[in-house]
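Undergrad: The following file, start-v4.cif, comprises mmCIF, C-alpha atoms and all ligand atoms:
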```cif
data_start
#
loop_
_atom_site.label_atom_id
_atom_site.label_comp_id
_atom_site.auth_asym_id
_atom_site.auth_seq_id
_atom_site.Cartn_x
_atom_site.Cartn_y
_atom_site.Cartn_z
CA MET F 1 117.33 98.71 96.26
CA LEU F 2 114.36 100.61 97.62
CA ASP F 3 115.67 103.93 98.74
CA CYS F 4 114.03 105.57 101.71
CA ALA F 5 115.39 108.93 100.59
CA ALA F 6 113.74 108.41 97.24
CA VAL F 7 110.39 107.32 98.56
CA ARG F 8 110.38 110.04 101.18
CA ASN F 9 109.47 112.40 98.39
CA ASP F 10 106.54 110.22 97.40
CA PRO F 11 103.05 110.18 98.89
CA CYS F 12 103.19 106.48 97.98
CA ARG F 13 106.15 106.29 100.27
CA SER F 14 107.22 103.69 102.74
CA VAL F 15 105.50 104.16 106.08
CA SER F 16 108.87 103.68 107.70
CA CYS F 17 109.61 107.21 106.53
CA LEU F 18 106.75 108.78 108.47
CA GLY F 19 107.59 111.84 110.54
CA PRO F 20 107.34 112.71 114.23
CA ARG F 21 104.17 113.41 116.16
CA THR F 22 102.93 116.96 116.30
CA LEU F 23 99.90 118.78 117.56
CA LEU F 24 98.94 119.56 114.00
CA TRP F 25 97.97 115.96 113.55
CA ALA F 26 95.51 116.15 116.42
CA ALA F 27 94.16 119.41 115.07
CA PHE F 28 93.86 117.89 111.63
CA PHE F 29 91.87 114.89 112.73
CA LEU F 30 89.87 116.31 115.58
CA LEU F 31 89.02 119.90 114.87
CA PRO F 32 87.94 120.69 111.32
CA ALA F 33 84.25 119.99 111.73
CA CYS F 34 85.28 116.45 112.64
CA ARG F 35 84.81 115.80 108.94
CA SER F 36 87.02 112.77 108.89
CA SER F 37 85.34 111.34 111.94
CA ALA F 38 81.73 112.07 111.11
CA PRO F 39 79.29 109.31 112.03
CA SER F 40 79.28 106.68 109.35
CA GLN F 41 75.63 106.95 108.55
CA ARG F 42 73.44 107.62 105.58
CA VAL F 43 70.82 110.24 105.91
CA GLY F 44 67.18 109.36 105.32
CA PRO F 45 64.42 111.69 104.18
CA PRO F 46 64.34 115.22 105.59
CA PRO F 47 62.63 115.65 108.94
CA SER F 48 58.88 115.90 108.70
CA SER F 49 57.04 118.88 110.06
CA PRO F 50 55.38 118.18 113.41
CA SER F 51 52.00 118.82 111.83
CA SER F 52 52.50 116.19 109.17
CA ALA F 53 51.28 113.06 110.88
CA SER F 54 51.46 110.99 107.70
CA THR F 55 55.20 111.59 107.13
CA ALA F 56 57.58 109.30 108.95
CA PRO F 57 60.30 110.99 110.98
CA ALA F 58 63.81 111.07 109.54
CA VAL F 59 65.71 107.89 110.08
CA ARG F 60 69.46 107.68 109.97
CA VAL F 61 70.30 104.46 108.23
CA PRO F 62 73.74 103.06 109.00
CA PHE F 63 75.72 102.37 105.85
CA VAL F 64 76.47 98.72 105.22
CA ARG F 65 78.94 97.90 102.47
CA SER F 66 77.96 95.40 99.80
CA ASP F 67 78.99 91.78 100.24
CA ILE F 68 81.14 91.84 97.08
CA PRO F 69 84.72 90.71 97.76
CA ARG F 70 87.45 93.21 96.96
CA ILE F 71 90.99 92.99 95.62
CA ASP F 72 93.07 96.07 96.39
CA VAL F 73 95.64 96.38 93.59
CA HIS F 74 97.54 99.28 95.15
CA THR F 75 98.94 98.76 98.62
CA HIS F 76 102.33 99.11 100.27
CA VAL F 77 103.13 96.43 102.82
CA LEU F 78 106.50 96.47 104.51
CA LEU F 79 108.50 93.36 105.21
CA GLY F 80 107.11 91.42 108.15
CA ALA F 81 103.72 93.16 108.01
CA ALA F 82 101.86 90.89 105.57
CA SER F 83 99.84 89.11 108.27
CA ARG F 84 98.85 92.37 109.91
CA ALA F 85 97.89 93.82 106.54
CA ALA F 86 95.89 90.74 105.55
CA ARG F 87 93.80 90.97 108.73
CA LEU F 88 93.34 94.72 108.44
CA PHE F 89 92.18 94.34 104.85
CA ASP F 90 90.00 91.32 105.58
CA ARG F 91 88.06 93.34 108.14
CA GLN F 92 87.20 95.76 105.32
CA GLY F 93 86.12 93.05 102.89
CA ILE F 94 89.43 93.16 100.99
CA VAL F 95 90.38 89.52 100.59
CA GLN F 96 93.44 89.93 98.37
CA ALA F 97 95.96 92.71 97.85
CA ILE F 98 98.81 93.58 95.54
CA ASN F 99 101.86 94.92 97.36
CA LEU F 100 103.54 97.49 95.12
CA SER F 101 106.50 97.73 97.50
CA GLY F 102 108.15 94.42 96.68
CA PRO F 103 111.89 94.96 96.16
CA PRO F 104 114.05 93.87 93.22
CA SER F 105 115.00 90.20 93.17
CA ALA F 106 118.57 90.98 94.18
CA VAL F 107 117.63 92.84 97.35
CA GLY F 108 115.14 90.71 99.20
CA LEU F 109 112.14 89.86 97.06
CA ASP F 110 112.25 86.29 98.34
CA ASP F 111 111.73 87.59 101.90
CA PHE F 112 108.59 89.44 100.78
CA LEU F 113 107.32 86.33 99.05
CA ALA F 114 107.90 84.28 102.20
CA ASP F 115 106.06 86.93 104.22
CA SER F 116 103.20 86.75 101.74
CA GLU F 117 103.02 82.98 102.28
CA ILE F 118 102.72 83.51 106.02
CA ALA F 119 99.71 85.72 105.20
CA TYR F 120 98.12 82.85 103.21
CA GLY F 121 99.21 84.42 99.93
CA ARG F 122 96.88 87.35 100.39
CA ILE F 123 99.53 90.03 99.90
CA ALA F 124 101.05 89.37 96.48
CA PRO F 125 104.13 91.46 95.73
CA PHE F 126 105.07 93.28 92.55
CA THR F 127 108.78 93.90 92.12
CA ASN F 128 110.57 97.25 91.83
CA LEU F 129 113.71 98.15 89.91
CA ASP F 130 117.06 98.96 91.46
CA TRP F 131 117.51 102.54 90.26
CA SER F 132 121.12 102.61 91.38
CA LEU F 133 121.80 100.30 88.42
CA CYS F 134 121.23 103.31 86.13
CA GLU F 135 124.43 105.02 87.20
CA SER F 136 126.41 103.27 84.48
CA ALA F 137 125.78 102.18 80.90
CA GLY F 138 124.00 98.88 80.26
CA TYR F 139 121.41 99.49 82.99
CA GLY F 140 118.52 98.35 80.80
CA GLU F 141 120.07 94.90 80.42
CA ARG F 142 120.89 94.60 84.11
CA MET F 143 117.37 95.62 85.12
CA THR F 144 115.85 93.24 82.58
CA ALA F 145 117.85 90.36 84.04
CA ASP F 146 116.64 91.27 87.53
CA LEU F 147 113.06 91.44 86.28
CA GLU F 148 113.34 87.92 84.85
CA ARG F 149 114.64 86.64 88.17
CA ALA F 150 111.83 88.43 90.00
CA ARG F 151 109.26 86.79 87.76
CA ALA F 152 110.83 83.38 88.29
CA LEU F 153 110.68 83.92 92.05
CA GLY F 154 106.99 84.81 91.93
CA ALA F 155 106.56 88.58 91.48
CA ARG F 156 103.21 89.30 89.85
CA GLY F 157 104.13 92.55 88.14
CA LEU F 158 106.44 95.55 88.06
CA LYS F 159 106.00 98.86 89.87
CA ILE F 160 107.46 102.02 88.37
CA PRO F 161 107.31 104.75 91.01
CA LYS F 162 107.36 108.45 90.28
CA ILE F 163 111.08 108.54 90.95
CA LEU F 164 111.36 107.76 87.24
CA GLY F 165 111.10 111.20 85.71
CA LEU F 166 111.51 113.07 88.97
CA GLY F 167 114.59 111.67 90.69
CA ALA F 168 116.28 108.62 89.15
CA LYS F 169 119.57 109.56 87.50
CA GLY F 170 121.21 107.98 84.50
CA PRO F 171 124.93 107.73 83.68
CA GLY F 172 126.46 111.18 84.09
CA GLY F 173 123.88 112.20 86.67
CA LYS F 174 121.22 113.30 84.18
CA LEU F 175 117.58 112.85 85.18
CA LEU F 176 116.08 109.78 83.49
CA ALA F 177 112.92 110.52 81.52
CA VAL F 178 109.83 108.35 81.91
CA ASP F 179 110.32 107.36 78.27
CA ASP F 180 114.12 107.01 78.48
CA PRO F 181 115.10 104.66 75.59
CA GLY F 182 117.66 102.92 77.80
CA LEU F 183 114.76 101.40 79.71
CA ASP F 184 112.84 100.16 76.66
CA ALA F 185 114.09 96.59 77.12
CA VAL F 186 112.68 96.47 80.67
CA PHE F 187 109.17 97.43 79.60
CA GLU F 188 109.30 95.05 76.63
CA LYS F 189 110.44 92.22 78.89
CA ALA F 190 107.61 92.93 81.34
CA GLY F 191 105.17 92.41 78.46
CA GLU F 192 106.92 89.19 77.39
CA LEU F 193 106.78 87.85 80.92
CA GLY F 194 103.11 88.77 81.34
CA MET F 195 103.94 91.19 84.14
CA PRO F 196 101.61 94.22 84.33
CA VAL F 197 103.43 97.51 84.95
CA ALA F 198 101.86 99.74 87.59
CA ILE F 199 103.28 103.12 86.64
CA HIS F 200 103.15 106.34 88.63
CA SER F 201 104.27 109.36 86.62
CA GLY F 202 103.99 112.89 87.93
CA ASP F 203 101.78 113.72 90.90
CA PRO F 204 98.78 115.95 91.66
CA GLN F 205 98.97 119.04 89.47
CA ALA F 206 98.67 121.20 92.58
CA PHE F 207 102.16 120.05 93.61
CA TRP F 208 103.54 122.14 90.72
CA LEU F 209 101.71 125.28 91.86
CA ALA F 210 102.96 127.75 94.46
CA PRO F 211 102.24 126.36 97.93
CA ASN F 212 100.17 129.32 99.05
CA ALA F 213 96.62 129.92 100.28
CA GLN F 214 95.26 129.41 96.76
CA ASN F 215 96.76 125.92 96.51
CA GLU F 216 94.06 123.30 97.18
CA ARG F 217 96.68 120.90 98.52
CA LEU F 218 98.27 123.44 100.84
CA GLU F 219 97.58 121.43 103.99
CA GLU F 220 99.26 118.35 102.53
CA LEU F 221 102.19 120.40 101.23
CA GLN F 222 102.63 122.07 104.60
CA ALA F 223 102.82 118.66 106.23
CA HIS F 224 105.24 117.44 103.55
CA PRO F 225 107.10 120.42 102.05
CA SER F 226 109.33 118.10 100.04
CA TRP F 227 106.30 116.93 98.01
CA SER F 228 106.09 120.35 96.33
CA PHE F 229 107.68 120.52 92.88
CA TYR F 230 107.01 124.23 92.52
CA ALA F 231 110.49 125.47 93.44
CA PRO F 232 112.41 122.55 91.86
CA HIS F 233 110.50 123.13 88.64
CA GLN F 234 111.18 126.88 88.79
CA ARG F 235 114.88 126.01 89.12
CA GLY F 236 114.68 123.69 86.12
CA GLU F 237 115.44 120.62 88.21
CA VAL F 238 112.28 118.67 87.38
CA PRO F 239 110.02 118.63 84.31
CA SER F 240 106.58 120.20 84.21
CA TRP F 241 103.50 118.12 84.98
CA ASN F 242 102.63 118.16 81.28
CA ALA F 243 106.07 116.99 80.18
CA LEU F 244 105.91 114.06 82.60
CA PHE F 245 102.43 113.10 81.48
CA GLU F 246 103.39 113.25 77.82
CA ALA F 247 106.41 111.01 78.49
CA PHE F 248 104.11 108.55 80.30
CA VAL F 249 101.82 108.46 77.25
CA ARG F 250 104.78 107.86 74.92
CA ARG F 251 105.90 104.99 77.19
CA VAL F 252 102.47 103.33 77.03
CA ALA F 253 102.32 103.84 73.25
CA ARG F 254 105.77 102.33 72.71
CA HIS F 255 104.96 98.94 74.27
CA PRO F 256 101.58 97.78 72.96
CA LYS F 257 102.16 94.23 74.22
CA THR F 258 102.77 95.40 77.79
CA LEU F 259 99.82 96.01 80.10
CA PHE F 260 100.15 99.32 81.97
CA ILE F 261 98.20 100.22 85.08
CA GLY F 262 98.13 104.02 85.19
CA VAL F 263 97.94 104.40 88.96
CA HIS F 264 96.11 107.24 90.70
CA PHE F 265 93.36 107.36 88.08
CA GLY F 266 95.69 107.21 85.09
CA ASN F 267 98.01 109.82 86.60
CA ALA F 268 95.48 112.53 85.69
CA PRO F 269 92.54 112.51 88.12
CA GLU F 270 92.07 116.23 87.52
CA ASP F 271 90.99 115.54 83.94
CA PRO F 272 88.85 112.42 83.44
CA ASP F 273 88.27 113.37 79.77
CA LEU F 274 92.01 113.15 79.16
CA VAL F 275 92.11 109.74 80.86
CA ALA F 276 89.16 108.60 78.74
CA GLN F 277 91.00 109.70 75.62
CA LEU F 278 94.02 107.59 76.61
CA LEU F 279 91.86 104.56 77.39
CA ASP F 280 90.23 104.91 73.97
CA THR F 281 93.61 105.16 72.25
CA TYR F 282 95.64 102.53 74.11
CA PRO F 283 94.03 99.14 74.74
CA ASN F 284 97.10 98.16 76.78
CA LEU F 285 96.23 100.74 79.45
CA VAL F 286 94.03 100.30 82.52
CA ILE F 287 93.85 102.55 85.58
CA ASP F 288 93.53 102.21 89.34
CA THR F 289 91.60 104.43 91.74
CA ALA F 290 94.24 104.63 94.47
CA ALA F 291 94.29 107.73 96.67
CA ARG F 292 92.29 109.83 94.26
CA LEU F 293 88.67 109.60 95.40
CA PRO F 294 88.86 113.14 96.83
CA ALA F 295 89.97 114.33 93.38
CA ILE F 296 87.37 112.47 91.33
CA GLY F 297 84.55 112.63 93.86
CA ARG F 298 84.52 116.43 94.10
CA ARG F 299 81.71 118.37 92.51
CA ASP F 300 83.28 120.62 89.89
CA SER F 301 82.90 120.99 86.16
CA ASN F 302 85.18 118.02 85.45
CA HIS F 303 83.83 115.69 88.11
CA SER F 304 80.08 115.83 88.56
CA PRO F 305 78.78 112.52 89.94
CA GLU F 306 76.85 112.05 86.69
CA ARG F 307 80.01 112.42 84.60
CA MET F 308 82.03 110.14 86.83
CA ARG F 309 79.28 107.52 86.88
CA ALA F 310 79.20 107.60 83.06
CA PHE F 311 83.00 107.20 83.07
CA PHE F 312 82.87 104.12 85.28
CA LEU F 313 80.05 102.59 83.26
CA LYS F 314 81.88 103.14 79.97
CA TYR F 315 85.27 101.91 81.23
CA GLN F 316 83.99 99.27 83.63
CA ASP F 317 86.48 96.71 82.23
CA ARG F 318 89.46 99.08 82.52
CA VAL F 319 89.30 100.27 86.14
CA LEU F 320 90.93 98.47 89.06
CA PHE F 321 90.11 99.15 92.68
CA GLY F 322 93.09 100.45 94.68
CA THR F 323 93.52 102.48 97.85
CA ASP F 324 97.22 103.24 98.48
CA THR F 325 96.99 101.82 101.98
CA ALA F 326 100.39 101.29 103.58
CA VAL F 327 101.02 98.93 106.48
CA GLY F 328 104.12 98.32 108.54
CA ARG F 329 104.73 96.17 111.59
CA THR F 330 104.39 98.76 114.36
CA PRO F 331 100.97 100.12 115.41
CA ASP F 332 101.60 103.58 114.00
CA ALA F 333 103.01 102.36 110.70
CA LEU F 334 99.87 102.99 108.68
CA MET F 335 98.86 105.22 105.81
CA PHE F 336 95.47 105.47 104.15
CA GLY F 337 95.85 107.19 100.78
CA SER F 338 97.90 110.04 102.18
CA GLY F 339 98.79 111.34 105.59
CA GLY F 340 99.75 114.31 107.66
CA ARG F 341 102.67 114.69 109.99
CA GLU F 342 101.32 111.97 112.19
CA PRO F 343 100.33 108.41 111.38
CA PRO F 344 96.64 107.47 111.51
CA THR F 345 94.98 104.85 113.66
CA GLU F 346 93.05 101.80 112.54
CA ALA F 347 89.86 103.73 113.44
CA ASP F 348 90.90 106.34 110.88
CA GLY F 349 91.19 103.42 108.50
CA ASP F 350 87.58 102.43 109.23
CA ARG F 351 86.47 105.93 108.22
CA PHE F 352 88.69 105.85 105.14
CA PHE F 353 87.24 102.57 103.92
CA GLU F 354 83.65 103.47 104.70
CA ALA F 355 83.97 106.68 102.67
CA THR F 356 85.53 104.61 99.90
CA TRP F 357 82.66 102.11 99.79
CA ARG F 358 80.08 104.88 99.99
CA TYR F 359 81.71 106.57 96.98
CA PHE F 360 81.36 103.50 94.80
CA GLU F 361 78.11 102.09 96.16
CA THR F 362 75.84 105.06 96.96
CA THR F 363 74.71 108.32 95.43
CA ASP F 364 75.20 110.14 98.72
CA THR F 365 76.37 113.70 98.19
CA ASP F 366 77.81 114.34 101.64
CA ILE F 367 80.49 111.69 101.98
CA PRO F 368 83.38 112.82 104.18
CA SER F 369 86.61 112.83 102.21
CA PRO F 370 88.50 109.56 102.76
CA THR F 371 91.71 111.63 103.01
CA PRO F 372 90.72 115.15 104.03
CA ILE F 373 94.31 116.37 103.93
CA GLN F 374 94.04 116.13 100.14
CA GLY F 375 91.43 118.89 100.13
CA ARG F 376 88.68 119.76 102.54
CA TRP F 377 85.57 119.02 100.58
CA THR F 378 82.98 116.27 100.77
CA ILE F 379 82.60 113.89 97.87
CA SER F 380 79.61 112.57 95.92
CA GLY F 381 79.06 108.89 95.28
CA VAL F 382 78.66 107.31 91.86
CA GLY F 383 76.27 104.53 92.96
CA LEU F 384 77.47 101.86 90.53
CA PRO F 385 75.35 98.82 89.71
CA ARG F 386 76.40 95.54 91.25
CA GLU F 387 77.78 94.00 88.05
CA VAL F 388 80.05 97.03 87.56
CA LEU F 389 81.12 97.02 91.20
CA GLU F 390 82.07 93.36 90.84
CA LYS F 391 84.34 94.15 87.91
CA ILE F 392 86.03 97.11 89.57
CA TYR F 393 86.31 95.49 92.98
CA TYR F 394 87.78 92.18 91.85
CA LYS F 395 86.87 90.70 88.47
CA ASN F 396 89.14 92.99 86.45
CA ALA F 397 92.04 92.21 88.81
CA VAL F 398 91.43 88.48 88.47
CA ARG F 399 91.35 88.77 84.68
CA LEU F 400 94.35 91.08 84.29
CA LEU F 401 96.72 90.44 87.20
CA GLY F 402 96.71 86.67 87.64
CA VAL F 403 95.37 86.83 91.19
CA SER F 404 92.29 85.04 92.43
CA LEU F 405 89.85 85.23 95.28
CA PRO F 406 90.91 83.09 98.24
CA LYS F 407 89.02 79.83 98.42
CA THR F 408 88.79 79.75 102.19
CA PRO F 409 88.27 82.44 104.84
CA LEU F 410 91.29 83.84 106.58
CA PRO F 411 92.00 81.47 109.48
CA LYS F 412 91.60 82.91 112.94
CA PRO F 413 94.89 84.00 114.47
CA GLU F 414 96.54 81.48 116.74
CA PRO F 415 95.66 82.38 120.33
CA LYS F 416 98.68 83.47 122.30
CA VAL F 417 99.29 80.98 125.09
CA TYR F 418 100.94 82.30 128.18
CA PRO F 419 101.98 80.08 131.08
CA GLY F 420 99.33 80.23 133.80
CA ASN F 421 101.73 79.69 136.65
CA LEU F 422 105.30 78.86 137.35
CA GLN F 423 104.71 75.10 137.11
CA ASP F 424 103.74 75.51 133.45
CA LEU F 425 107.09 77.03 132.56
ZN ZN I 501 101.19 104.02 96.15
#
```
Using the file provided, produce a representation of the structure as structure tokens.

TA:
Amino acid sequence: MLDCAAVRNDPCRSVSCLGPRTLLWAAFFLLPACRSSAPSQRVGPPPSSPSSASTAPAVRVPFVRSDIPRIDVHTHVLLGAASRAARLFDRQGIVQAINLSGPPSAVGLDDFLADSEIAYGRIAPFTNLDWSLCESAGYGERMTADLERARALGARGLKIPKILGLGAKGPGGKLLAVDDPGLDAVFEKAGELGMPVAIHSGDPQAFWLAPNAQNERLEELQAHPSWSFYAPHQRGEVPSWNALFEAFVRRVARHPKTLFIGVHFGNAPEDPDLVAQLLDTYPNLVIDTAARLPAIGRRDSNHSPERMRAFFLKYQDRVLFGTDTAVGRTPDALMFGSGGREPPTEADGDRFFEATWRYFETTDTDIPSPTPIQGRWTISGVGLPREVLEKIYYKNAVRLLGVSLPKTPLPKPEPKVYPGNLQDL
């Protein structure tokens, strides 16, 4: 079953595992130059000099997202929250989502599917594996059987979280590798069943570095000390980033008939050239963009906007739009890409999505980071043409994941009717 202890160590974790409120959260969102809450506006030409009568004064043009519908292939929606999530997404132009937090068939997938129906089918679940099955021999067969049942119930695909390689234990308590041969049958079966495998291996490379002032993810690691793999790796408890990535590549190579979605920009947002190499080598690999716009939108030698734009143009059929938004039932059960010690508000979500759309749709160079806790720098947009945006926003998902755009708008919520007076009771 889905293990809260396991996902607690995962930025893609369940929002039910979010921590207590602290002042740091307020400081994080309110103080640092209000970067995450900057006005959502595009900047026009520079101000004219007063003497220049022919030059129009600067005009701040509000950003308006394109009218292209979006399918978010990387969300986490808890049980009972599908309707809330569907409305939250719909407000942002996201008309369909994939929920990567669907459980195994044996532990409640049918409840998630029923919840999805209540949300007009707009939150389609993938299934996960029950990692506790790995404690004894024959786990591959048991997981394969569960996968078949999940497919029969209606799961669209399979999610492999980073616990594989970093936490899941095989018989005898040994860490299971991402390319553990005992799991081969599961990945083969996913291909046979036409179930794409969204696979998260490793994590940001900075999580393997000492969590000190030089670490660009220090703020995130301070909020979530358990996300750091520096000490566990020093103790030999977890593999290096490179070892995990190499095992991920071997897994993709071993199952050419299985479609893999390398989440978080192919698990290597720090190195788009490496991701490009993989895409060139393995036609069964596509990637999503979830929670990595701060990494790929930064201006450094690996990620100039020109290079990233060329990447998206070249691989326009291999990139799926994803955000890593998490939604639970209670008001504070939200996460947009990552989070601090405190949950965000829906207004924070508005800023997150606007920065996201500006990244894809404009060439603005001053876009506030959608998730500033992942590194306090602004990002530069790639300004993709409409036909490429259409592929990344939804056409690739329709083609590869068996989802479609809804045919009708989301119905208005039923108005709550309260008795007006005692006689109505
Ligand atoms: Zn995730």

Undergrad: List as a CSV table (one decimal) with C-alpha atoms, in the coordinates of the input the protein and nucleic acid residues near Phe229 in chain F, meaning an atom at most 7 Å away when only C-alpha atoms are counted, but skip any in the same chain fewer than 2 places from it.

TA:
```csv
chain,number,residue,atom,x,y,z
F,207,PHE,CA,102.2,120.0,93.6
F,208,TRP,CA,103.5,122.1,90.7
F,227,TRP,CA,106.3,116.9,98.0
F,231,ALA,CA,110.5,125.5,93.4
F,232,PRO,CA,112.4,122.6,91.9
F,233,HIS,CA,110.5,123.1,88.6
```

Undergrad: Find the spatial neighbours of Ile296 in chain F, counting all atoms listed in the file, within a cut-off of 8 Å - ignore same-chain residues fewer than 4 positions away - and output them as a PDB file with C-alpha atoms, keeping the file's coordinate frame.

TA:
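Output (selection17.pdb):
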```
ATOM      1  CA  PRO F 269      92.540 112.510  88.120  1.00  0.00           C
ATOM      2  CA  GLU F 270      92.070 116.230  87.520  1.00  0.00           C
ATOM      3  CA  ARG F 292      92.290 109.830  94.260  1.00  0.00           C
ATOM      4  CA  HIS F 303      83.830 115.690  88.110  1.00  0.00           C
ATOM      5  CA  MET F 308      82.030 110.140  86.830  1.00  0.00           C
TER       6      MET F 308
END
```

Undergrad: Report, in Å with one decimal, the straight-line distance from CA of Leu401 in chain F to CA of Ala119 in chain F.

TA: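 So the answer is 18.8 Å.
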
Undergrad: Pick out the closest residue to Leu88 in chain F from this set: F:Phe260, F:Phe353, F:Trp131, F:Tyr359. Count all atoms listed in the file.

TA: F:Phe353

Undergrad: What lies within 12 Å of Ala177 in chain F using only C-alpha atoms, ignoring chain neighbours under 3 positions off, as a VMD selection string?

TA: chain F and resid 134 162 to 170 174 180 to 184 201 to 202 238 to 240 243 to 248 250 to 251

Undergrad: Do you have the CA of Tyr393 in chain F-CA of Val197 in chain F distance handy?

TA: 19.0 Å

Undergrad: Name the closest residue to ligand ZN 501 (chain I) among the candidates F:Gly154, F:Gly194, F:Gly262, F:Gly236; distances are taken between atoms, counting only C-alpha atoms and all ligand atoms.

TA: F:Gly262

Undergrad: So that I can see what lies close to range 321-332 of chain F, please list as a list in words the residues with an atom at most 7 Å from it, counting only C-alpha atoms and leaving out residues fewer than 6 positions away in the same chain.

TA: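 Counting only the stated atoms, we get Cys12, Val15, Ile71, Asp72, Val73, His74, Thr75, His76, Val77, Leu78, Gly80, Ala81, Ala85, Asp288, Thr289, Ala290, Ala291, Pro343, Pro344, Thr345, Ile392 and Tyr393 of chain F.
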
Undergrad: Find the residue from F:Ser304, F:Ser228, F:Gln316, F:Asn267 that sits nearest to ligand ZN 501 (chain I); use only C-alpha atoms and all ligand atoms when measuring.

TA: F:Asn267

Undergrad: Quick one: of F:Gly402, F:Pro161, F:Gly191, F:Pro370, who's nearest to ligand ZN 501 (chain I), counting all atoms listed in the file?

TA: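 Using all atoms listed in the file, the shortest distance to ligand ZN 501 (chain I) belongs to F:Pro161.
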
Undergrad: What's the separation between CA of Val275 in chain F and CA of Phe126 in chain F, in Å to one decimal place?

TA: 24.0 Å

Undergrad: Each residue of range 158-203 of chain F lying at most 12 Å from range 102-113 of chain F should get a row with its shortest atom-to-atom pair and the distance in Å to one decimal, counting only C-alpha atoms; could you produce that, ordered by chain and increasing number, as a Markdown table?

TA:
```
| residue | atom | partner | partner_atom | distance |
| --- | --- | --- | --- | --- |
| F:Leu158 | CA | F:Gly102 | CA | 8.9 |
| F:Lys159 | CA | F:Gly102 | CA | 8.4 |
| F:Ile160 | CA | F:Gly102 | CA | 11.3 |
| F:Pro161 | CA | F:Gly102 | CA | 11.8 |
```

Undergrad: Around (86.0, 114.0, 97.5), as given in the file, which residues come within 10 Å? Count all atoms listed in the file and list them as an MDAnalysis selection string.

TA: chainID F and resid 292:299 303 355:356 359 365:372 374:381

Undergrad: Using all atoms listed in the file, which of F:Met335, F:Leu129, F:Val59, F:Val403 sits nearest ligand ZN 501 (chain I)?

TA: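 Nearest candidate to ligand ZN 501 (chain I) out of F:Met335, F:Leu129, F:Val59, F:Val403: F:Met335.
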
Undergrad: With distances taken over all atoms listed in the file, which of F:Val263, F:Ile118, F:Ile94, F:Val64 is nearest to ligand ZN 501 (chain I)?

TA: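 Of the candidates, the smallest distance to ligand ZN 501 (chain I) is held by F:Val263.
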
Undergrad: At a cut-off of 10 Å from (109.2, 95.0, 78.2) in the coordinates of the file, what residues are picked up using all atoms listed in the file, written as a ChimeraX atom specification?

TA: /F:144,147,183-197,254-259

Undergrad: Which residues, written as a CSV table (one decimal) with C-alpha atoms, in the frame of the given file, have at least one atom at most 7 Å from Ala223 in chain F, with only C-alpha atoms counted and residues fewer than 4 positions away on the same chain left out?

TA:
```
chain,number,residue,atom,x,y,z
F,219,GLU,CA,97.6,121.4,104.0
F,340,GLY,CA,99.8,114.3,107.7
F,341,ARG,CA,102.7,114.7,110.0
```
